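J.: Sharing a structure here in structure tokens format.
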Amino acid sequence: MSSKLSFGRVDGAAGYEAEHRSRRSNRRRLLVFLSVFGVLLLVGLVWDFARPAVYQATAQLDFVPVSGTVTAAPTEAAGTGRQYSMRDEIQYLTSRTLLARVWDTLKDRADTPAALRAGDPPATLQAMLAARQIPGTDIVAIEARGGAPAFLPQFVDQLIADYRATLDVRFKDGSITAIADEQADAQVLEKAIADKRAEVDAFRAKNDIVSLERDENQVVSEVKGTAASINAATDKVVAAEARLAALREAQAAGRTVIRARDNPTLASLEAQAASIRADLRAVARQFTPEYMKIDPRVRELRARQADIDEQITTIRRDSGRNAIQEAEEDVASARGAATALRQQLAATQHSVQSFTSNLSLYKTMQDQLTHLEQQRQMTLDRLSKLEASERARKPKVEVVEAPSVPQSASSPFYARDALLVLIGALVIGLLTMGIVEFFNRPPAQPSTVIVPQTWSSTPAAEAMTALPSTRSYATLPHSSSIADVTASLPAPQVLPRELDGAELTALLHASDPEFRAVMALLLTGLTAPEVIALRRGDIDRAAGVVRVVGTDERTVVLPHNVVAWLPANDDDPEAPLFATASGRPLTEATVGTALLYASHDAALDGADEVTPDALRHTYIASLLRQGMRFGELAKIVGPLPADRLSAYRQLANASTTSAATIDPILPALQAHVA
């Protein structure tokens with residue numbers, strides 16, 4: 001079978017038109033670039049070289065203070081009364097006051113530029129002048145910039161001369177003013193101190209304040225003594241009450257209480273009674289009781305013993321009663337004294353509060369007086385320093401470097417700026433050319449392909465697959481016909497059948513318990529060869545994962561119910577995970593047959609289309625529809641062939657998301673529990 005096919009032809013007219021458009025476009029680019037580049041370069045160079053030359057004359061002044069080193073910030077040097085700093089002197093060097101004095105001298109000179117005579121000469125000189133301190137030194141660099149090189153050194157010299165001439169006057173006037181100010185301040189402080197001291201003395205006499213110490217004042221001392229007396233009286237009350245309670249407790253217990261004053265009398269009587277009893281015992285050893293009854297001496301001794309015993313009893317009884325009575329009197333006396341002292345303290349408390357308030361006010365007035373006296377002393381110190389050290393009020397100025405006539409201009413930099421203008425014009429010209437070409441793009445031309453009219457018999461796999469535009473392929477391989485080329489192209493990839501949730505649930509219910517785990521592993525992304533190759537040691541039941549070994553090694557997470565379906569581990573981790581009833585390992589044919597039986601038992605439509613690859617395809621499609629990226633998908637199911645990957649693009653979700661937000665377990669697999 002022969003056929004002829006023509007995609008178009010490029011003739012001479014079309015080629016000439018394309019070449020003409022190309023030349024016209026190049027001329028437009030060149031014209032735009034040269035126009036912009038030339039105009040910008042001309043304007044930039046005119047601006048660059050039209051600028052007047054600026055010359056610079058410099059001088060350096062060394063400020064050497066008599067009493068110390070000058071600092072950048074205002075500080076009061078030792079022996080000075082005027083605040084002096086390098087910053088102040090730099091400001092005066094460039095001030096309008098000094099420059100007006102300089103102009104009064106320079107305006108009558110013949111070599112003074114005429115441009116300075118117009119307008120405001122001091123302001124013009126101020127714009128030409130700059131002064132700065134060299135870091136780390138007391139040297140000030142003076143720079144004058146302008147277009148008259150011969151005038152600049154004269155200007156700087158006159159500026160330095162006038163500055164040094166005004167230095168003595170400024171510091172002398174400043175010292176006189178400072179002394180007068182300090183004297184006036186001292187007089188004001190003297191009067192304020194006298195008034196404040198009189199006020200303090202009157203307040204102290206009125207409120208009977210002896211000293212700032214509280215204890216040295218009469219009111220506070222009396223209150224402090226009363227408080228001490230109250231504490232002592234309270235201690236006496238407590239002691240008296242304790243003694244009274246002890247006496248009453250002893251009396252209630254039947255113990256004899258003897259006053260201290262009755263102890264000598266009672267001891268004497270008891271000694272007499274003991275002596276009489278001793279005498280009677282001595283007589284009883286010599287005489288009979290009948291004789292003792294009639295013996296007058298014995299009878300007298302017995303009468304004296306009875307009398308002494310009666311006296312001892314009376315003294316003991318009266319001593320206990322009198323001791324309790326005296327203790328009660330002591331308690332009452334102590335309580336009365338404590339009450340009287342408390343009343344006295346309460347009566348004087350208001351006076352103490354008033355005195356304390358007056359004492360605080362007195363202390364405040366004393367502090368104010370002390371502060372005024374300190375201010376007066378500081379003022380007197382400053383005044384004495386001003387009066388004692390007059391030469392230390394101004395620094396010594398030395399010219400370190402005198403100005404000279406500049407031999408060359410300091411600015412502008414003509415060569416550098418000309419180079420910048422050239423580069424800027426070149427860049428802007430190129431950008432402008434690009435913008436113009438962007439808006440003058442030619443319309444897209446259709447692709448023109450020259451194909452021979454006859455086709456020779458060559459393998460279709462070497463046939464043309466993509467041809468660039470506007471190019472002739474005279475040496476393309478030939479085929480006998482378009483049909484041969486079409487037949488040789490690879491057929492589009494046909495995806496396996498995808499099962500829905502109801503079909504998966506019915507399939508799991510209809511399968512044998514031994515085969516259900518195999519189906520579950522296929523529904524987690526494993527291929528049939530990977531399931532068959534699993535060993536018992538590849539299952540980690542504690543972590544709920546299965547390790548897939550081989551070329552596509554990875555780890556797959558399993559639902560807890562799928563882990564329960566797997567065969568129990570034995571002592572041999574290298575033993576196959578699945579085996580037939582006869583103990584032989586599964587094969588792909590065995591898996592496909594068992595899956596076919598389960599599909600028919602579940603009454604699925606098109607049961608012959610349910611294969612292990614269809615279960616794995618169902619799992620992959622679920623992940624892609626949830627938005628999983630292909631890079632994350634390969635980590636779960638392993639790498640996919642190029643043709644299968646291209647076919648899966650039609651199932652992928654347009655908006656991808658991270659793997660953490662995607663559920664990797666099918667709902668039917670999660671819901672099914674054996």
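If you're wondering about the labels, chains in the structure tokens are A, B, ... by order shown, residues count from 1 in each chain, ligands from 1 in order shown.
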Taking 6 positions as the minimum chain separation for residues in the same chain, which residues sit within 9 Å of stretch 158-166 of chain A when counting only C-alpha atoms? Answer as a short mmCIF file (atom, residue, chain, number, x, y, z; two decimals) with C-alpha atoms, in the first residue's frame.
T.:
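Here's the written file part.cif:
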data_model
loop_
_atom_site.label_atom_id
_atom_site.label_comp_id
_atom_site.auth_asym_id
_atom_site.auth_seq_id
_atom_site.Cartn_x
_atom_site.Cartn_y
_atom_site.Cartn_z
CA LEU A 61 45.60 74.15 63.44
CA TYR A 92 33.19 79.56 65.59
CA LEU A 93 35.75 78.98 62.82
CA LEU A 98 34.08 85.48 61.85
CA LEU A 99 33.55 85.19 58.07
CA ARG A 101 35.16 90.03 59.58
CA VAL A 102 37.30 88.09 57.08
CA THR A 105 39.55 92.50 54.93
CA LEU A 106 39.37 90.56 51.63
CA VAL A 397 46.66 77.83 68.68
CA VAL A 399 49.57 76.47 62.69
#
J.: Of the candidates A:Arg376, A:Lys196, A:Arg204, A:Arg28, which one gets nearest to A:Leu359 if we count only C-alpha atoms?
T.: A:Arg204
J.: Could you work out how far atom CA of A:Leu526 lies from atom CA of A:Arg625, giving the answer in Å with one decimal?
T.: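 One can read the atom CA of A:Arg625 to atom CA of A:Leu526 distance as 18.7 Å.
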J.: My list of candidates is A:Pro667, A:Pro153, A:Gly119, A:Gly38. Which is closest to A:Pro403 when distances are computed with only C-alpha atoms?
T.: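 That would be A:Pro153, the residue with the smallest distance to A:Pro403.
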J.: Closest to A:Thr379 among A:Glu190, A:Pro121, A:Ala647, A:Lys107, using only C-alpha atoms?
T.: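 Result for the nearest residue to A:Thr379: A:Glu190.
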J.: Write out as a PyMOL selection string the residues lying within 12 Å of A:Ile193, counting only C-alpha atoms and excluding same-chain residues fewer than 2 positions away.
T.: chain A and resi 186-191+195-200+365-377
J.: How many Å separate atom CA of A:Ala502 from atom CA of A:Ala602?
T.: 10.5 Å
J.: At a cut-off of 9 Å, using only C-alpha atoms, what residues contact A:Leu651? Leave out same-chain residues fewer than 2 positions from it and give the result as a PyMOL selection string.
T.: chain A and resi 621+624-625+647-649+653
J.: My list of candidates is A:Val562, A:Ala568, A:Ile636, A:Met292. Which is closest to A:Arg547 when distances are computed with only C-alpha atoms?
T.: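 Using only C-alpha atoms, A:Arg547 sits closest to A:Ile636.
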J.: Restricting the calculation to only C-alpha atoms, which member of A:Ile294, A:Leu499, A:Ala250, A:Leu566 is positioned closest to A:Arg321?
T.: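 Checking each of A:Ile294, A:Leu499, A:Ala250, A:Leu566 against A:Arg321, counting only C-alpha atoms, the winner is A:Ala250.
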J.: Stretch 408-417 of chain A: which residues within 10 Å, counting only C-alpha atoms, same-chain residues fewer than 4 positions away excluded, as an MDAnalysis selection string?
T.: chainID A and resid 44:45 47:57 145:147 149 421:423
J.: Using only C-alpha atoms, which residue out of A:Glu328, A:Glu241, A:Asp88, A:Glu437 lies closest to A:Leu30?
T.: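 Among the listed residues, A:Glu437 lies closest to A:Leu30.
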